[in-house]
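Engineer: Data: work.cif, mmCIF, C-alpha atoms and all ligand atoms.
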```cif
data_input
loop_
_atom_site.group_PDB
_atom_site.id
_atom_site.type_symbol
_atom_site.label_atom_id
_atom_site.label_comp_id
_atom_site.auth_asym_id
_atom_site.auth_seq_id
_atom_site.Cartn_x
_atom_site.Cartn_y
_atom_site.Cartn_z
ATOM 1 C CA MET K 11 71.854 89.709 41.897
ATOM 2 C CA LYS K 12 73.312 93.142 41.292
ATOM 3 C CA LYS K 13 76.048 94.558 39.143
ATOM 4 C CA VAL K 14 78.378 96.867 41.007
ATOM 5 C CA GLU K 15 80.081 99.046 38.432
ATOM 6 C CA ALA K 16 82.894 101.289 39.602
ATOM 7 C CA VAL K 17 84.736 103.950 37.611
ATOM 8 C CA ILE K 18 88.038 104.383 39.422
ATOM 9 C CA ARG K 19 91.582 105.680 39.004
ATOM 10 C CA HIS K 20 93.905 103.376 37.051
ATOM 11 C CA PHE K 21 96.546 103.200 39.742
ATOM 12 C CA LYS K 22 93.943 101.951 42.236
ATOM 13 C CA LEU K 23 92.937 98.974 40.103
ATOM 14 C CA GLU K 24 95.251 96.373 41.691
ATOM 15 C CA GLU K 25 94.472 97.514 45.215
ATOM 16 C CA VAL K 26 90.715 97.404 44.617
ATOM 17 C CA LYS K 27 90.970 94.013 42.899
ATOM 18 C CA ASP K 28 92.985 92.550 45.789
ATOM 19 C CA ALA K 29 90.570 93.937 48.390
ATOM 20 C CA LEU K 30 87.551 92.510 46.523
ATOM 21 C CA THR K 31 89.226 89.126 46.067
ATOM 22 C CA GLU K 32 89.856 89.053 49.809
ATOM 23 C CA ILE K 33 86.161 89.430 50.623
ATOM 24 C CA GLY K 34 85.290 86.564 48.270
ATOM 25 C CA VAL K 35 84.521 88.151 44.904
ATOM 26 C CA GLN K 36 84.964 85.392 42.311
ATOM 27 C CA GLY K 37 85.116 87.266 39.042
ATOM 28 C CA MET K 38 85.210 90.712 37.501
ATOM 29 C CA THR K 39 85.460 92.555 34.211
ATOM 30 C CA VAL K 40 87.721 95.536 33.756
ATOM 31 C CA SER K 41 87.882 97.982 30.897
ATOM 32 C CA GLU K 42 89.541 101.200 29.882
ATOM 33 C CA VAL K 43 87.060 104.067 29.730
ATOM 34 C CA ARG K 44 87.071 107.827 29.405
ATOM 35 C CA GLY K 45 84.675 110.176 31.087
ATOM 36 C CA PHE K 46 84.054 113.256 33.159
ATOM 37 C CA GLY K 47 82.286 114.163 36.360
ATOM 38 C CA ARG K 48 80.981 117.448 37.661
ATOM 39 C CA GLN K 49 84.259 119.368 37.208
ATOM 40 C CA LYS K 50 83.883 119.106 33.448
ATOM 41 C CA GLY K 51 86.251 121.522 31.747
ATOM 42 C CA HIS K 52 88.355 121.974 34.852
ATOM 43 C CA LYS K 53 91.856 120.708 35.421
ATOM 44 C CA GLU K 54 92.476 117.323 37.005
ATOM 45 C CA GLN K 55 95.644 115.407 37.868
ATOM 46 C CA TYR K 56 96.310 112.116 36.065
ATOM 47 C CA ARG K 57 99.660 110.364 36.518
ATOM 48 C CA GLY K 58 101.336 113.598 37.518
ATOM 49 C CA ALA K 59 100.144 115.560 34.504
ATOM 50 C CA GLU K 60 97.366 118.136 34.478
ATOM 51 C CA TYR K 61 94.625 117.490 31.966
ATOM 52 C CA THR K 62 92.256 120.135 30.677
ATOM 53 C CA VAL K 63 90.492 117.839 28.219
ATOM 54 C CA ASP K 64 86.848 116.919 28.815
ATOM 55 C CA PHE K 65 87.352 113.146 28.851
ATOM 56 C CA LEU K 66 89.779 111.713 31.391
ATOM 57 C CA PRO K 67 91.031 108.118 31.228
ATOM 58 C CA LYS K 68 89.627 105.924 33.994
ATOM 59 C CA ALA K 69 89.315 102.239 34.734
ATOM 60 C CA LYS K 70 85.889 100.630 34.924
ATOM 61 C CA MET K 71 85.340 97.550 37.031
ATOM 62 C CA GLU K 72 82.213 95.398 36.834
ATOM 63 C CA VAL K 73 81.356 92.847 39.498
ATOM 64 C CA ILE K 74 78.149 90.792 39.676
ATOM 65 C CA VAL K 75 77.320 89.677 43.211
ATOM 66 C CA PRO K 76 74.379 88.313 45.210
ATOM 67 C CA ASP K 77 72.226 90.999 46.846
ATOM 68 C CA ASP K 78 73.591 90.230 50.306
ATOM 69 C CA GLN K 79 77.157 90.962 49.152
ATOM 70 C CA VAL K 80 76.446 94.364 47.594
ATOM 71 C CA LYS K 81 77.091 96.391 50.742
ATOM 72 C CA ALA K 82 80.401 94.663 51.447
ATOM 73 C CA VAL K 83 81.540 95.181 47.853
ATOM 74 C CA VAL K 84 80.561 98.861 47.825
ATOM 75 C CA ASP K 85 82.228 99.477 51.209
ATOM 76 C CA THR K 86 85.396 97.713 50.051
ATOM 77 C CA ILE K 87 85.591 99.777 46.862
ATOM 78 C CA LEU K 88 84.992 102.971 48.850
ATOM 79 C CA GLU K 89 87.868 102.136 51.170
ATOM 80 C CA SER K 90 90.370 100.931 48.584
ATOM 81 C CA ALA K 91 89.670 103.379 45.730
ATOM 82 C CA ARG K 92 89.494 106.604 47.720
ATOM 83 C CA THR K 93 92.280 109.201 47.749
ATOM 84 C CA GLY K 94 90.059 112.070 48.913
ATOM 85 C CA GLN K 95 90.834 114.157 45.829
ATOM 86 C CA ILE K 96 88.332 115.116 43.145
ATOM 87 C CA GLY K 97 88.054 112.493 40.435
ATOM 88 C CA ASP K 98 88.163 109.449 42.731
ATOM 89 C CA GLY K 99 85.314 108.005 40.715
ATOM 90 C CA LYS K 100 81.844 106.675 41.192
ATOM 91 C CA ILE K 101 79.981 103.460 41.955
ATOM 92 C CA PHE K 102 76.798 102.376 40.203
ATOM 93 C CA VAL K 103 74.570 99.522 41.382
ATOM 94 C CA LEU K 104 72.300 97.900 38.766
ATOM 95 C CA PRO K 105 69.861 94.981 38.871
ATOM 96 C CA ILE K 106 70.910 91.816 37.019
ATOM 97 C CA GLU K 107 68.211 89.602 35.586
ATOM 98 C CA ASP K 108 70.151 86.420 34.991
ATOM 99 C CA ILE K 109 73.621 84.996 34.575
ATOM 100 C CA ILE K 110 74.456 81.859 32.618
ATOM 101 C CA ARG K 111 77.747 79.955 32.696
ATOM 102 C CA ILE K 112 78.398 79.082 29.058
ATOM 103 C CA ARG K 113 80.383 75.882 29.730
ATOM 104 C CA THR K 114 77.697 74.174 31.798
ATOM 105 C CA GLY K 115 74.498 76.063 31.089
ATOM 106 C CA GLU K 116 74.008 76.705 34.821
ATOM 107 C CA ALA K 117 71.888 79.788 35.466
ATOM 108 C CA GLY K 118 71.131 82.151 38.333
ATOM 109 C CA ASP K 119 73.053 82.229 41.632
ATOM 110 C CA THR K 120 74.951 79.005 40.912
ATOM 111 C CA ALA K 121 76.465 80.559 37.767
ATOM 112 C CA LEU K 122 78.153 83.375 39.733
HETATM 113 N N1 LIG O 1 76.767 110.945 36.206
HETATM 114 C C1 LIG O 1 77.681 110.127 35.676
HETATM 115 N N2 LIG O 1 77.321 109.254 34.721
HETATM 116 C C2 LIG O 1 78.226 108.425 34.167
HETATM 117 N N3 LIG O 1 79.512 108.398 34.504
HETATM 118 C C3 LIG O 1 79.932 109.256 35.459
HETATM 119 C C4 LIG O 1 79.043 110.156 36.096
HETATM 120 N N4 LIG O 1 79.738 110.871 36.997
HETATM 121 C C5 LIG O 1 81.004 110.421 36.932
HETATM 122 N N5 LIG O 1 81.127 109.455 36.002
HETATM 123 C C6 LIG O 1 82.322 108.724 35.639
HETATM 124 O O1 LIG O 1 83.166 108.678 36.772
HETATM 125 C C7 LIG O 1 84.418 109.284 36.500
HETATM 126 C C8 LIG O 1 84.928 109.997 37.721
HETATM 127 O O2 LIG O 1 83.979 110.933 38.132
HETATM 128 P P1 LIG O 1 84.329 111.918 39.316
HETATM 129 O O3 LIG O 1 84.974 111.155 40.399
HETATM 130 O O4 LIG O 1 85.075 113.097 38.787
HETATM 131 O O5 LIG O 1 82.848 112.329 39.760
HETATM 132 P P2 LIG O 1 82.399 113.687 40.455
HETATM 133 O O6 LIG O 1 80.917 113.600 40.607
HETATM 134 O O7 LIG O 1 82.934 114.835 39.682
HETATM 135 O O8 LIG O 1 83.049 113.592 41.896
HETATM 136 P P3 LIG O 1 84.281 114.464 42.481
HETATM 137 O O9 LIG O 1 83.704 115.765 42.898
HETATM 138 O O10 LIG O 1 84.819 113.652 43.611
HETATM 139 O O11 LIG O 1 85.292 114.604 41.352
HETATM 140 C C9 LIG O 1 84.138 110.177 35.305
HETATM 141 O O12 LIG O 1 85.316 110.393 34.546
HETATM 142 C C10 LIG O 1 83.102 109.389 34.535
HETATM 143 O O13 LIG O 1 83.745 108.395 33.754
HETATM 144 MG MG MG O 2 84.977 115.051 39.365
#
```
Here is the file; what I need is its structure written in the form of structure tokens.
Ligand SMILES: Nc1ncnc2c1ncn2[C@@H]1O[C@H](COP(=O)(O)OP(=O)(O)OP(=O)(O)O)[C@@H](O)[C@H]1O
Ligand SMILES: [Mg+2]
Structural biologist:
Amino acid sequence: MKKVEAVIRHFKLEEVKDALTEIGVQGMTVSEVRGFGRQKGHKEQYRGAEYTVDFLPKAKMEVIVPDDQVKAVVDTILESARTGQIGDGKIFVLPIEDIIRIRTGEAGDTAL
């Protein structure tokens, strides 16, 4: 299992969620984050306003999927989150050791 973590633009959240749901993703966690990429200190557009602050608000999406679904998930995020402008975000893929469904105690793949 892998965790696909994507830092994306807020306004893309629904579109990315819908696209991932369509390819069979069963669950996800979303949070509000702030960060910067390689244009640190430069101006970037956010909801029509220009920001010069170091930390820009972004949305972070976390999805745990079986190894054989990682490529489809990454490709889907690439397609649905991209505008082509700087600040589109980034995708991180991390190994996941285990996952346990609290209600039933099921572990591993069956707990996804
Ligand atoms: N190396 C990194 N480590 C952790 N978070 C990062 C890293 N790079 C980017 N991020 C996160 O992703 C968000 C968006 O990054 P961004 O898309 O600006 O990356 P970039 O490398 O500057 O690419 P681009 O040139 O397309 O802007 C940042 O605000 C930050 O939250
Ligand atoms: Mg950037």
Engineer: Within 10 Å of ligand MG 2 (chain O), which residues of chain K show up? Give each one with its shortest atom-to-atom distance in Å (one decimal) and the two atoms involved, counting all atoms listed in the file, rows by chain then rising residue number, as a tab-separated table.
Structural biologist:
```
residue	atom	partner	partner_atom	distance
K:Gly45	CA	O:MG2	MG	9.6
K:Phe46	CA	O:MG2	MG	6.5
K:Gly47	CA	O:MG2	MG	4.1
K:Arg48	CA	O:MG2	MG	5.0
K:Gln49	CA	O:MG2	MG	4.9
K:Lys50	CA	O:MG2	MG	7.3
K:His52	CA	O:MG2	MG	8.9
K:Lys53	CA	O:MG2	MG	9.7
K:Glu54	CA	O:MG2	MG	8.2
K:Leu66	CA	O:MG2	MG	9.9
K:Gln95	CA	O:MG2	MG	8.8
K:Ile96	CA	O:MG2	MG	5.1
K:Gly97	CA	O:MG2	MG	4.1
K:Asp98	CA	O:MG2	MG	7.3
K:Gly99	CA	O:MG2	MG	7.2
K:Lys100	CA	O:MG2	MG	9.1
```
Engineer: Quick one: of K:Gly115, K:Pro105, K:Pro67, K:Gly37, who's nearest to ligand LIG 1 (chain O), counting all atoms listed in the file?
Structural biologist: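 Closest residue, counting all atoms listed in the file: K:Pro67.
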Engineer: By how many Å are atom N1 of ligand LIG 1 (chain O) and atom CA of Ile18 of chain K apart?
Structural biologist: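 One can read the atom N1 of ligand LIG 1 (chain O) to atom CA of Ile18 of chain K distance as 13.4 Å.
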Engineer: I'd like the contact shell of Ala121 of chain K - 10 Å cut-off, only C-alpha atoms, skipping same-chain residues fewer than 6 positions apart - returned as a list in words.
Structural biologist: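 That gives Asp108, Ile109, Ile110, Arg111, Ile112, Thr114 and Gly115 of chain K.
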Engineer: Smallest atom-to-atom distance to ligand LIG 1 (chain O): which of K:Ile106, K:Lys13, K:Gly34, K:His20, using all atoms listed in the file?
Structural biologist: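 The closest residue to ligand LIG 1 (chain O) is K:His20.
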Engineer: So, counting all atoms listed in the file, which residue among K:Leu23, K:Val103, K:Ala69, K:Met38 is closest to ligand LIG 1 (chain O)?
Structural biologist: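 Closest to ligand LIG 1 (chain O), using all atoms listed in the file: K:Ala69.
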Engineer: Could you give me the centre and size, in Å to one decimal, of an axis-aligned box around all listed atoms of ligand LIG 1 (chain O) with 3 Å added on every side, as JSON?
Structural biologist:
```
{"center_x": 81.0, "center_y": 112.1, "center_z": 38.7, "size_x": 14.5, "size_y": 13.4, "size_z": 15.9}
```
Engineer: I'd like the interatomic distance between atom N1 of ligand LIG 1 (chain O) and atom CA of Thr93 of chain K, to a tenth of an Å.
Structural biologist: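 A separation of 19.4 Å between them.
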Engineer: Could you write out as JSON, numbers by chain the residues that the PyMOL selection byres (((chain K and resi 90) around 10) and not hetatm) matches in the shown file?
Structural biologist: {"K": [22, 23, 24, 25, 26, 27, 28, 29, 30, 85, 86, 87, 88, 89, 91, 92, 93]}
